[in-house]
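Novice: See query.txt below, with compact mmCIF, C-alpha atoms.
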```txt
# COMPACT_ATOMS: atom_id res chain seq x y z
CA MET A 18 -2.63 64.99 -142.20
CA GLU A 19 -3.88 62.28 -144.55
CA GLN A 20 -5.57 59.21 -143.13
CA THR A 21 -6.44 55.94 -144.82
CA LEU A 22 -8.69 52.98 -144.06
CA ASN A 23 -6.09 50.58 -142.68
CA ALA A 24 -6.03 47.00 -141.51
CA ALA A 25 -7.08 48.07 -138.01
CA SER A 26 -10.27 49.55 -139.44
CA THR A 27 -11.53 47.36 -142.29
CA ILE A 28 -14.74 48.20 -144.09
CA ASP A 29 -16.49 45.23 -142.45
CA GLU A 30 -15.51 46.64 -139.05
CA VAL A 31 -16.77 50.08 -140.03
CA LEU A 32 -20.11 48.64 -141.16
CA SER A 33 -20.45 46.72 -137.89
CA LYS A 34 -20.58 50.00 -135.91
CA ARG A 35 -23.93 50.84 -134.30
CA PRO A 36 -25.42 53.22 -135.01
CA LEU A 37 -23.88 53.41 -138.49
CA ILE A 38 -24.09 56.86 -140.06
CA ILE A 39 -23.72 57.23 -143.84
CA SER A 40 -23.78 60.75 -145.24
CA GLY A 41 -22.74 62.87 -148.16
CA PRO A 42 -24.25 64.75 -151.10
CA CYS A 43 -27.02 63.36 -153.24
CA SER A 44 -24.70 63.92 -156.20
CA ALA A 45 -20.98 64.45 -156.61
CA GLU A 46 -20.91 67.78 -158.48
CA THR A 47 -17.31 69.00 -158.36
CA GLU A 48 -14.11 67.79 -156.77
CA GLU A 49 -14.08 70.79 -154.44
CA GLN A 50 -17.67 70.15 -153.34
CA VAL A 51 -16.98 66.48 -152.59
CA ILE A 52 -13.80 67.15 -150.62
CA GLU A 53 -15.24 70.04 -148.61
CA THR A 54 -18.37 68.01 -147.80
CA ALA A 55 -16.24 65.08 -146.67
CA THR A 56 -13.96 67.31 -144.59
CA ARG A 57 -16.85 68.97 -142.80
CA LEU A 58 -18.62 65.64 -142.24
CA LYS A 59 -15.43 64.21 -140.78
CA ALA A 60 -15.15 67.23 -138.49
CA THR A 61 -18.52 66.39 -136.90
CA GLY A 62 -17.03 63.14 -135.60
CA LYS A 63 -20.36 61.43 -136.27
CA VAL A 64 -20.11 60.06 -139.82
CA ASP A 65 -18.75 56.61 -140.64
CA VAL A 66 -19.15 56.37 -144.43
CA LEU A 67 -19.11 59.04 -147.16
CA ARG A 68 -21.77 58.60 -149.84
CA ALA A 69 -22.37 60.38 -153.15
CA GLY A 70 -24.24 59.72 -156.35
CA ILE A 71 -21.96 59.28 -159.37
CA TRP A 72 -24.55 58.03 -161.83
CA LYS A 73 -28.01 59.48 -161.18
CA PRO A 74 -31.04 57.73 -162.69
CA ARG A 75 -33.54 60.51 -163.42
CA THR A 76 -37.21 60.24 -164.28
CA ARG A 77 -36.92 62.44 -167.37
CA PRO A 78 -34.01 63.09 -169.75
CA GLY A 79 -32.31 66.45 -169.59
CA SER A 80 -31.93 66.45 -165.81
CA PHE A 81 -28.50 66.20 -164.20
CA GLU A 82 -27.60 62.51 -164.41
CA GLY A 83 -24.30 62.53 -162.54
CA VAL A 84 -20.69 63.27 -163.40
CA GLY A 85 -19.84 59.64 -164.13
CA THR A 86 -16.72 57.66 -163.38
CA LYS A 87 -14.48 60.69 -162.78
CA GLY A 88 -16.46 61.33 -159.60
CA ILE A 89 -15.01 58.16 -158.08
CA ASN A 90 -11.57 59.77 -158.21
CA TRP A 91 -12.94 62.74 -156.25
CA LEU A 92 -14.37 60.40 -153.62
CA ASN A 93 -11.13 58.49 -153.34
CA GLN A 94 -9.28 61.75 -152.85
CA ALA A 95 -11.74 62.70 -150.11
CA LYS A 96 -11.13 59.28 -148.56
CA LYS A 97 -7.36 59.89 -148.50
CA ILE A 98 -7.88 63.21 -146.74
CA THR A 99 -10.51 62.16 -144.20
CA GLY A 100 -10.13 58.40 -143.82
CA LEU A 101 -13.85 57.94 -144.49
CA PRO A 102 -14.67 54.90 -146.64
CA VAL A 103 -16.84 55.71 -149.65
CA ALA A 104 -20.11 54.33 -150.99
CA ILE A 105 -21.80 54.80 -154.37
CA GLU A 106 -24.90 53.52 -156.17
CA VAL A 107 -24.53 51.10 -159.08
CA ALA A 108 -27.25 50.18 -161.56
CA THR A 109 -25.49 48.37 -164.42
CA GLY A 110 -22.78 45.79 -164.86
CA LYS A 111 -20.42 48.41 -166.30
CA GLN A 112 -20.91 50.64 -163.28
CA VAL A 113 -20.09 47.72 -160.99
CA GLU A 114 -16.92 47.04 -162.98
CA ASP A 115 -15.83 50.69 -162.72
CA ALA A 116 -16.58 50.80 -158.98
CA LEU A 117 -14.58 47.63 -158.33
CA HIS A 118 -11.71 48.83 -160.54
CA PHE A 119 -11.39 51.99 -158.46
CA ASP A 120 -11.72 50.10 -155.14
CA VAL A 121 -14.95 51.70 -153.94
CA ASP A 122 -15.57 50.45 -150.39
CA VAL A 123 -19.36 49.98 -150.41
CA LEU A 124 -21.89 49.65 -153.23
CA TRP A 125 -25.61 50.10 -153.04
CA ILE A 126 -28.38 49.10 -155.42
CA GLY A 127 -30.98 51.84 -155.80
CA ALA A 128 -34.76 51.62 -155.66
CA ARG A 129 -35.16 52.08 -159.42
CA THR A 130 -32.89 49.09 -159.98
CA THR A 131 -34.32 46.82 -157.26
CA VAL A 132 -37.71 47.07 -158.94
CA ASN A 133 -36.35 45.34 -162.06
CA PRO A 134 -35.13 41.72 -161.65
CA PHE A 135 -33.28 41.90 -164.99
CA SER A 136 -31.26 44.89 -163.78
CA VAL A 137 -30.57 43.29 -160.41
CA GLN A 138 -29.35 40.14 -162.14
CA GLU A 139 -27.01 42.16 -164.35
CA VAL A 140 -25.54 43.83 -161.27
CA ALA A 141 -25.31 40.49 -159.45
CA ASP A 142 -23.50 38.88 -162.40
CA ALA A 143 -20.95 41.71 -162.41
CA LEU A 144 -20.44 41.29 -158.66
CA ARG A 145 -19.68 37.58 -158.91
CA GLY A 146 -16.32 36.85 -157.30
CA ALA A 147 -16.05 40.30 -155.71
CA ASN A 148 -15.45 40.90 -152.01
CA VAL A 149 -17.38 44.11 -151.40
CA PRO A 150 -20.32 44.98 -149.12
CA VAL A 151 -23.56 45.60 -151.01
CA LEU A 152 -26.56 47.48 -149.60
CA ILE A 153 -29.92 46.99 -151.29
CA LYS A 154 -32.59 49.67 -151.24
CA ASN A 155 -36.25 48.72 -151.23
CA PRO A 156 -37.95 48.86 -154.65
CA ILE A 157 -39.92 51.96 -155.57
CA ASN A 158 -43.23 50.13 -155.42
CA PRO A 159 -44.30 48.36 -152.20
CA ASP A 160 -43.53 44.80 -153.28
CA LEU A 161 -41.71 42.80 -150.63
CA GLU A 162 -40.98 39.96 -153.05
CA LEU A 163 -38.91 42.26 -155.28
CA TRP A 164 -36.82 43.31 -152.30
CA LEU A 165 -36.39 39.70 -151.23
CA GLY A 166 -35.53 38.68 -154.78
CA ALA A 167 -32.79 41.30 -155.02
CA VAL A 168 -31.23 40.03 -151.78
CA GLU A 169 -31.35 36.45 -153.05
CA ARG A 170 -29.78 37.33 -156.42
CA VAL A 171 -26.91 39.22 -154.82
CA ALA A 172 -26.38 36.46 -152.26
CA LYS A 173 -26.26 33.83 -155.02
CA ALA A 174 -23.50 35.88 -156.66
CA GLY A 175 -21.36 35.09 -153.63
CA ILE A 176 -21.60 38.44 -151.82
CA LYS A 177 -21.30 37.75 -148.09
CA ASN A 178 -21.86 41.22 -146.59
CA ILE A 179 -25.34 42.33 -147.64
CA GLY A 180 -27.37 45.06 -145.97
CA LEU A 181 -30.74 46.72 -146.50
CA ILE A 182 -31.68 50.37 -146.98
CA HIS A 183 -35.27 51.44 -146.31
CA ARG A 184 -35.97 54.60 -148.35
CA GLY A 185 -39.77 54.48 -148.54
CA PHE A 186 -42.20 53.61 -151.34
CA SER A 187 -44.04 55.54 -154.02
CA SER A 188 -47.74 55.93 -153.33
CA TYR A 189 -50.72 57.63 -154.93
CA GLY A 190 -52.14 60.85 -153.54
CA ASN A 191 -50.60 63.66 -151.57
CA THR A 192 -48.89 62.73 -148.31
CA GLU A 193 -46.48 64.51 -146.03
CA TYR A 194 -43.72 62.22 -147.31
CA ARG A 195 -41.93 62.12 -150.63
CA ASN A 196 -41.95 58.33 -150.32
CA ALA A 197 -44.35 56.69 -147.88
CA PRO A 198 -42.37 54.84 -145.17
CA MET A 199 -44.70 51.82 -145.00
CA TRP A 200 -42.78 50.78 -141.91
CA HIS A 201 -44.47 47.39 -141.78
CA LEU A 202 -42.71 46.26 -144.97
CA ALA A 203 -39.29 47.17 -143.62
CA ILE A 204 -40.15 45.51 -140.30
CA GLU A 205 -41.09 42.35 -142.17
CA MET A 206 -37.73 42.36 -143.99
CA LYS A 207 -36.02 42.80 -140.64
CA ARG A 208 -38.01 39.85 -139.28
CA ARG A 209 -37.00 37.65 -142.20
CA PHE A 210 -33.34 38.70 -142.04
CA PRO A 211 -32.76 39.37 -138.32
CA HIS A 212 -28.98 39.31 -138.65
CA MET A 213 -28.83 41.55 -141.73
CA MET A 214 -28.04 45.23 -141.25
CA ILE A 215 -30.90 47.59 -142.08
CA VAL A 216 -30.33 51.32 -142.49
CA ASN A 217 -33.02 53.96 -142.81
CA ASP A 218 -32.86 56.73 -145.44
CA PRO A 219 -34.83 59.64 -143.95
CA SER A 220 -33.80 61.93 -146.82
CA HIS A 221 -35.73 60.03 -149.49
CA ILE A 222 -38.63 59.21 -147.19
CA SER A 223 -39.04 62.85 -146.16
CA GLY A 224 -38.18 64.69 -149.36
CA ASN A 225 -37.62 67.76 -147.20
CA ARG A 226 -35.52 68.87 -144.23
CA THR A 227 -38.47 69.38 -141.92
CA LEU A 228 -39.24 65.70 -141.39
CA LEU A 229 -35.67 64.40 -141.15
CA GLN A 230 -35.57 64.53 -137.35
CA SER A 231 -38.86 62.74 -136.75
CA VAL A 232 -38.27 60.04 -139.37
CA SER A 233 -34.76 59.41 -138.04
CA GLN A 234 -36.08 59.10 -134.48
CA LYS A 235 -38.78 56.63 -135.50
CA ALA A 236 -36.22 54.50 -137.32
CA ILE A 237 -33.99 54.38 -134.25
CA ASP A 238 -37.00 53.60 -132.05
CA LEU A 239 -37.68 50.63 -134.36
CA ASP A 240 -34.13 49.38 -133.78
CA TYR A 241 -32.65 50.22 -137.19
CA ASP A 242 -28.88 49.79 -137.36
CA GLY A 243 -28.19 53.24 -138.73
CA LEU A 244 -29.13 56.15 -140.98
CA MET A 245 -28.22 57.39 -144.45
CA ILE A 246 -28.79 61.15 -144.58
CA GLU A 247 -27.84 63.38 -147.49
CA SER A 248 -25.57 66.32 -146.73
CA HIS A 249 -24.33 69.16 -148.92
CA ILE A 250 -22.12 72.18 -148.24
CA ASP A 251 -24.77 74.47 -149.78
CA PRO A 252 -28.04 72.48 -149.93
CA ASP A 253 -30.15 75.13 -151.64
CA LYS A 254 -27.74 75.15 -154.59
CA ALA A 255 -27.47 71.38 -154.91
CA TRP A 256 -27.83 70.05 -158.45
CA SER A 257 -30.27 67.34 -157.35
CA ASP A 258 -32.71 66.83 -154.45
CA ALA A 259 -31.87 70.19 -152.88
CA LYS A 260 -34.87 70.25 -150.52
CA GLN A 261 -33.92 67.10 -148.62
CA GLN A 262 -30.23 67.84 -148.03
CA VAL A 263 -28.68 69.54 -145.00
CA THR A 264 -25.28 70.96 -144.19
CA PRO A 265 -22.83 68.75 -142.29
CA GLU A 266 -23.28 70.98 -139.26
CA ARG A 267 -27.06 70.64 -139.38
CA LEU A 268 -26.64 66.88 -139.74
CA ALA A 269 -24.68 66.87 -136.49
CA GLU A 270 -27.53 68.76 -134.78
CA ILE A 271 -30.08 66.22 -136.05
CA LEU A 272 -27.98 63.32 -134.77
CA ASP A 273 -27.47 65.06 -131.42
CA GLY A 274 -31.24 65.48 -131.15
CA ILE A 275 -31.97 61.78 -131.52
CA LYS A 276 -32.79 59.76 -128.42
CA TRP A 277 -30.64 56.69 -128.97
CA ARG A 278 -32.27 53.59 -127.56
CA HIS A 279 -31.20 50.00 -127.00
CA GLU A 280 -32.95 46.79 -128.00
CA THR A 281 -32.70 45.36 -124.50
CA THR A 282 -31.11 45.72 -121.09
CA THR A 283 -29.92 43.43 -118.33
CA GLU A 284 -31.56 45.42 -115.53
CA ARG A 285 -33.64 42.94 -113.53
CA GLU A 286 -36.57 45.24 -112.74
CA PHE A 287 -37.04 46.14 -116.42
CA VAL A 288 -36.76 42.54 -117.61
CA VAL A 289 -39.32 41.26 -115.07
CA ALA A 290 -41.79 44.08 -115.76
CA LEU A 291 -41.49 43.63 -119.52
CA GLU A 292 -41.96 39.86 -119.26
CA LYS A 293 -45.18 40.33 -117.26
CA LEU A 294 -46.57 42.76 -119.84
CA ARG A 295 -45.63 40.46 -122.70
CA GLU A 296 -47.35 37.57 -120.94
CA GLN A 297 -50.49 39.69 -120.71
CA ILE A 298 -50.27 40.33 -124.45
CA ASN A 299 -49.87 36.60 -125.09
CA HIS A 300 -53.05 35.86 -123.11
CA ILE A 301 -54.99 38.59 -124.92
CA ASP A 302 -53.71 37.35 -128.30
CA ASP A 303 -54.88 33.83 -127.40
CA GLU A 304 -58.32 35.19 -126.52
CA LEU A 305 -58.45 37.17 -129.77
CA MET A 306 -57.66 34.03 -131.76
CA GLN A 307 -60.39 32.13 -129.95
CA LEU A 308 -62.88 34.93 -130.64
CA LEU A 309 -61.90 35.14 -134.30
CA GLY A 310 -62.37 31.39 -134.61
CA GLN A 311 -65.87 31.73 -133.11
CA ARG A 312 -66.61 34.61 -135.47
CA MET A 313 -65.72 32.48 -138.50
CA LYS A 314 -67.95 29.66 -137.27
CA ILE A 315 -70.82 32.15 -137.25
CA ALA A 316 -69.80 33.26 -140.75
CA ASP A 317 -70.01 29.60 -141.83
CA LYS A 318 -73.55 29.42 -140.42
CA ILE A 319 -74.47 32.64 -142.26
CA GLY A 320 -73.06 31.10 -145.44
CA GLU A 321 -75.37 28.12 -145.01
CA TYR A 322 -78.43 30.38 -144.68
CA LYS A 323 -77.41 32.43 -147.72
CA ARG A 324 -76.81 29.26 -149.75
CA ASP A 325 -80.17 27.78 -148.83
CA ASN A 326 -81.96 31.04 -149.67
CA ASP A 327 -79.97 31.96 -152.82
CA ILE A 328 -78.57 35.15 -151.28
CA THR A 329 -75.27 36.71 -152.42
CA ILE A 330 -72.30 36.61 -150.11
CA LEU A 331 -71.49 40.32 -150.21
CA GLN A 332 -73.99 42.56 -148.43
CA THR A 333 -72.64 46.08 -148.91
CA ASN A 334 -75.04 47.89 -146.60
CA ARG A 335 -74.34 45.44 -143.78
CA TRP A 336 -70.59 45.83 -144.25
CA ASN A 337 -70.81 49.64 -144.18
CA ALA A 338 -72.83 49.43 -140.97
CA ILE A 339 -70.18 47.19 -139.39
CA LEU A 340 -67.41 49.62 -140.32
CA ASP A 341 -69.30 52.68 -139.03
CA ARG A 342 -69.93 50.92 -135.73
CA ALA A 343 -66.28 49.86 -135.51
CA PHE A 344 -65.02 53.39 -136.20
CA GLN A 345 -67.12 54.79 -133.35
CA LYS A 346 -66.03 52.15 -130.86
CA GLY A 347 -62.43 52.24 -132.04
CA ASP A 348 -62.19 55.99 -131.60
CA ALA A 349 -63.40 55.68 -128.01
CA LEU A 350 -60.73 53.03 -127.39
CA GLY A 351 -57.89 55.05 -128.91
CA LEU A 352 -57.65 52.94 -132.10
CA SER A 353 -56.95 54.78 -135.35
CA LYS A 354 -59.35 54.67 -138.27
CA GLU A 355 -56.52 53.37 -140.46
CA PHE A 356 -55.94 50.39 -138.16
CA ILE A 357 -59.66 49.64 -137.85
CA THR A 358 -60.00 49.68 -141.65
CA LYS A 359 -57.06 47.31 -142.22
CA TYR A 360 -58.14 44.98 -139.44
CA TYR A 361 -61.76 44.73 -140.56
CA ASP A 362 -60.78 44.38 -144.22
CA ALA A 363 -58.71 41.32 -143.25
CA VAL A 364 -61.51 39.89 -141.10
CA HIS A 365 -64.09 40.58 -143.80
CA LEU A 366 -62.01 38.86 -146.48
CA GLU A 367 -61.56 35.78 -144.29
CA SER A 368 -65.30 35.76 -143.56
CA ILE A 369 -66.09 35.93 -147.30
CA ASN A 370 -63.69 33.06 -147.96
CA HIS A 371 -65.44 30.96 -145.29
CA GLN A 372 -68.89 31.72 -146.72
CA ASN A 373 -67.67 31.03 -150.25
CA ARG A 374 -66.41 27.57 -149.22
CA VAL A 375 -69.73 26.81 -147.53
CA MET A 376 -71.85 28.02 -150.44
CA ASN A 377 -69.86 26.03 -152.98
CA SER A 378 -69.41 22.84 -150.98
```
If you convert what's in this file into structure tokens, what do you get?
Specialist:
Amino acid sequence: MEQTLNAASTIDEVLSKRPLIISGPCSAETEEQVIETATRLKATGKVDVLRAGIWKPRTRPGSFEGVGTKGINWLNQAKKITGLPVAIEVATGKQVEDALHFDVDVLWIGARTTVNPFSVQEVADALRGANVPVLIKNPINPDLELWLGAVERVAKAGIKNIGLIHRGFSSYGNTEYRNAPMWHLAIEMKRRFPHMMIVNDPSHISGNRTLLQSVSQKAIDLDYDGLMIESHIDPDKAWSDAKQQVTPERLAEILDGIKWRHETTTEREFVVALEKLREQINHIDDELMQLLGQRMKIADKIGEYKRDNDITILQTNRWNAILDRAFQKGDALGLSKEFITKYYDAVHLESINHQNRVMNS
């Protein structure tokens, strides 16, 4: 029996569901593949929005670059059968026009587009006057300002329902991820836009099926509003990104395996205990600030001695000794080497700035 998205279940209402689950193939390949994927996703009872790539930006020419506009008809047919609203990626003004013409429910701007303000502006101009939800993926490179800029451009086009998709960032060197999560950047976006929906894309962060469960769990633990996970009826034969896709049935198992948590609770015992612990953190943070202030005063004094004796600010051997000492103490205290490095780099830079002001005053 055919179902449709009716007035009792508008797309804004669907997107307000928590957790929101968006799933579907990386690429729409054939009408049969799209409809069977949608049908099996619907059967899980866990998916809220059907996604598929219609136009696929590829790194090199000659790769499968999507079936084009005809794929929207396949998605709309799947929507008629399952009742699932559909979402596609748009990267040009013409693609936006086609998506709006065929009444696509949700649009998203991909990472390769977000990285280019000219492309984002073209999409935003085409969206002007439209009433459609738009999700914005983080840019490929870890630049928070590009992500912020994309949100601002789309908002200035008059789009009211804007959401974020965290799909990870490109990074140098070999890591376990296809795209490094860099959770702190997504957390900062969430801090700046506390009322804006943010969805995690474990498929593009992981790049493989093995990490999907752990990445999804971490996103939920960090209070993300939902997940976008790629699903295919025969993942190993997918025309794009085969390694990171799972069957609809495996998707259901992943979602069942997640420990769904809440941001808060009204239980008195929990609230009181948490408030006491947070107060302890506040006191410790105050002490840390006081100690850092004292440290910088000493750095000022060192700057005076270096100035009066014509000594350079940077003393590499001394800095290496400080780091080695910090690594040893940090390890004993359960602090990671990565954290110690970032923390001391920040402290060292502030210390250099203090000494530089003193030496040039």
Novice: For range 33-37 of chain A, please output as a PyMOL selection string all residues within 12 Å (counting all atoms listed in the file; exclusion window: fewer than 3 positions along the same chain).
Specialist: chain A and resi 26-30+40+63-67+150+178-180+182+212-218+233+236-238+240-246+272+275-280
Novice: Please measure the separation of CA of Tyr360 in chain A and CA of Glu304 in chain A, giving the value in Å to one decimal.
Specialist: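 About the pair CA of Tyr360 in chain A and CA of Glu304 in chain A: they are 16.2 Å apart.
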Novice: Would you compute the distance between CA of Ile126 in chain A and CA of Ala60 in chain A? Give it in Å to one decimal.
Specialist: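 The value is 28.1 Å.
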Novice: Using only C-alpha atoms, which of A:Leu202, A:Met376, A:Leu152, A:Val31 sits nearest Thr329 in chain A?
Specialist: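 The shortest atom-to-atom distance to Thr329 in chain A comes from A:Met376.
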Novice: Which residues come within 9 Å of range 255-266 of chain A, counting only C-alpha atoms, excluding same-chain residues fewer than 4 positions away, as number ranges by chain?
Specialist: A: 40-44, 46, 54-55, 57-61, 80-82, 219-221, 223-227, 229, 246-251, 270-271
Novice: Ranking A:Met199, A:Leu268, A:Leu308, A:Ile204 by minimum distance to Ile222 in chain A and counting all atoms listed in the file, which one comes first?
Specialist: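 Comparing A:Met199, A:Leu268, A:Leu308, A:Ile204 against Ile222 in chain A, the winner is A:Met199.
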Novice: Could you work out how far CA of Val140 in chain A lies from CA of Gly110 in chain A, giving the answer in Å with one decimal?
Specialist: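 A separation of 4.9 Å between them.
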Novice: Name the residues in contact with Glu139 in chain A at a cut-off of 12 Å, using only C-alpha atoms, excluding same-chain residues fewer than 6 positions from it; report them as an MDAnalysis selection string.
Specialist: chainID A and resid 107:114 126 130:131 133 145 167 170:171 174
